[in-house]
Amino acid sequence: MINFKELASTYKTPLYIYDLDYMTAQYEELKEAFRGRKSILAFAIKSNSNLSIISHFATLGSGADCVSIGEVRRAFLAGIPSYKIIFSGVGKSDDEIREAIEKEILYINVESEAELGRVELIAKELKVTCRISVRVNPNIDPLTHPYISTGLHDNKFGVEIEAAKRMYIRANNSEHLDPVGIHFHIGSQLTELKPIYESAEIVADLVRSLQSIKVELKFFDIGGGLGVRYKDEVTIKPYDYAQAVLSTLKGLDLTIICEPGRFLTANGGYFLTKVLYEKKNGAKRFVVVDGAMNDLLRPSLYKAYHRIEAITSSKTEESEADVVGPVCESGDFFAKNYPLPTLEHNDLLVLHSAGAYGFGMGSNYNTRGRSVEVAIKGGEARVIRRREEFEDLIALEKEYLVK
Ligand code: LLP
């Protein structure tokens, strides 16, 4: 049991807490599901990019799925070996491609024919051969929130099958490209197995047809996307997930790469915020807290649900309230019409499932410093990123101040 009250009084609020033991258990469960096959779990750094979190997964043997050169650098700093690092993303710059090639990561995941051309050119300039995979867009509806759906031709991600084929043929004939993998990622917070299975089948068929033209791949990268329970979702069991994917790979000797983010981190994270005021506008009840959309954006951006636990001595009956922050936007809320007891100044609210896409999507909007992050392992808590102070926020402007 995590003592939220004590942590809030030690570290002050707003505050992110991460339970590393929970994250370990999630990692082990997923890794175990792929037992019997060669596999790499490449932690999707974007879901929680704190160096200590990445380093925790590194010690478990994890690789890293990165979507910017900044994330690649984080992966190296945190001790992820180069041969377990993947670099994806629809818009890599030349500088990013160059650095990734120089760092000899496992492969660059290419998302367009134009990008393949840039990678080839840069590898040629550097006089090396670059390992690549192609991100295939299987045109399957992942049945998730449209903002986090990526596997349809309507989405900007990946290339269609015919383009992928052309890219593999081109790469196979190039001195500077070595096609080693194939990749798909159809969306995030997936709770239906069927779209994953169907995508894996399409991509596995492509692998077979590539084999027949002598393109021999080693890595079958199934992306991330495993959904978690925020409220009452029925989630996919890692074992069923692995079985569904593996059943499409009969006769193929491929290492599975999986890029979980949310599954590893979401429910290992908590966002703690204190009540500042209660107020009413007409019949509408508001609970104003010290955290805001700049700390945890998901409710504002996706109307995402995060369970709220009120830690209070109040014994009143619950009534519905909007939980809002101090930022000057009507969109600054953590919940709408959420049942809560009457709250006092300094009562604590714990927002659950905040370990993925929480801190990382934060900003300094309204000149608010980002929260402190604390990790708990074996019952011991320690700071893994200090709170941002005013001086931090103006550091890059101060010397340029126009007088
Ligand atoms: N691999 C690729 C290529 C991805 O684009 C993503 C996530 C992942 C792996 C990890 O997906 P996960 O296992 O975490 O579902 N900000 C949104 C989620 C955006 C996901 C973007 N891509 C949210 O807060 O729900």
# chains A, B, ... in the order shown; residues from 1 in each chain; ligands from 1
call {"tool": "closest_atom_pairs", "arguments": {"of": "chain A", "to": "ligand 1", "cutoff": "7 Å", "atoms": "only C-alpha atoms and all ligand atoms", "output": "CSV"}}
result
residue,atom,partner,partner_atom_place_in_ligand_line,distance
A:Ala44,CA,ligand 1,10 (C),5.0
A:Ser47,CA,ligand 1,14 (O),5.6
A:Asp65,CA,ligand 1,1 (N),6.5
A:Ser88,CA,ligand 1,3 (C),6.2
A:Ile148,CA,ligand 1,19 (C),5.3
A:His185,CA,ligand 1,3 (C),5.4
A:Gly187,CA,ligand 1,15 (O),6.7
A:Ser188,CA,ligand 1,15 (O),3.6
A:Gln189,CA,ligand 1,15 (O),5.1
A:Gly223,CA,ligand 1,1 (N),4.4
A:Gly224,CA,ligand 1,13 (O),3.7
A:Gly225,CA,ligand 1,15 (O),3.2
A:Leu226,CA,ligand 1,13 (O),5.3
A:Gly227,CA,ligand 1,15 (O),6.5
A:Glu259,CA,ligand 1,9 (C),4.7
A:Pro260,CA,ligand 1,13 (O),3.8
A:Gly261,CA,ligand 1,14 (O),3.4
A:Arg262,CA,ligand 1,14 (O),3.7
A:Phe263,CA,ligand 1,13 (O),5.8
A:Arg298,CA,ligand 1,24 (O),5.6
A:Ala356,CA,ligand 1,24 (O),6.8
A:Tyr357,CA,ligand 1,24 (O),4.6
call {"tool": "write_last_selection", "arguments": {"atoms": "C-alpha atoms", "output": "short mmCIF file (atom, residue, chain, number, x, y, z; two decimals), in the first residue's frame"}}
result
data_model
loop_
_atom_site.label_atom_id
_atom_site.label_comp_id
_atom_site.auth_asym_id
_atom_site.auth_seq_id
_atom_site.Cartn_x
_atom_site.Cartn_y
_atom_site.Cartn_z
CA ALA A 44 8.08 2.93 -25.70
CA SER A 47 4.98 6.90 -22.47
CA ASP A 65 11.32 2.31 -28.94
CA SER A 88 10.48 5.30 -35.49
CA ILE A 148 -4.50 7.42 -30.91
CA HIS A 185 1.54 -0.36 -34.86
CA GLY A 187 -2.99 2.29 -32.35
CA SER A 188 -2.86 2.68 -28.63
CA GLN A 189 -5.11 1.59 -25.76
CA GLY A 223 4.43 -2.15 -32.10
CA GLY A 224 2.81 -1.34 -28.80
CA GLY A 225 -0.78 -0.57 -28.00
CA LEU A 226 -1.90 -3.06 -25.36
CA GLY A 227 -4.71 -1.36 -23.50
CA GLU A 259 6.95 -1.87 -28.06
CA PRO A 260 4.80 -1.56 -24.96
CA GLY A 261 4.43 1.80 -23.29
CA ARG A 262 1.14 2.22 -21.49
CA PHE A 263 0.92 -1.45 -20.49
CA ARG A 298 -5.11 13.49 -21.02
CA ALA A 356 1.82 6.75 -19.05
CA TYR A 357 1.55 9.93 -21.13
#
call {"tool": "residues_around", "arguments": {"residues": "A:Val372", "least_positions_apart": "6", "cutoff": "10 Å", "atoms": "only C-alpha atoms", "output": "PyMOL selection string"}}
result
chain A and resi 11-17+359+383-388
call {"tool": "residues_around", "arguments": {"residues": "A:Gly360", "least_positions_apart": "6", "cutoff": "10 Å", "atoms": "only C-alpha atoms", "output": "list in words"}}
result
Ile45, Lys46, Ser47, Asn48, Ser49, Asn50, Asp295, Leu296, Leu297 and Arg370 of chain A
call {"tool": "residues_around", "arguments": {"residues": "stretch 92-109 of chain A", "least_positions_apart": "4", "cutoff": "8 Å", "atoms": "only C-alpha atoms", "output": "list in words"}}
result
Ser68, Ile69, Val72, Ser82, Tyr83, Lys84, Ile85, Ile86, Phe87, Ser88, Glu115, Arg118, Val119, Ile122, Ala123, Cys130, Arg131, Ile132, Ser133, Val134, Arg135, Val180, Gly181 and His183 of chain A
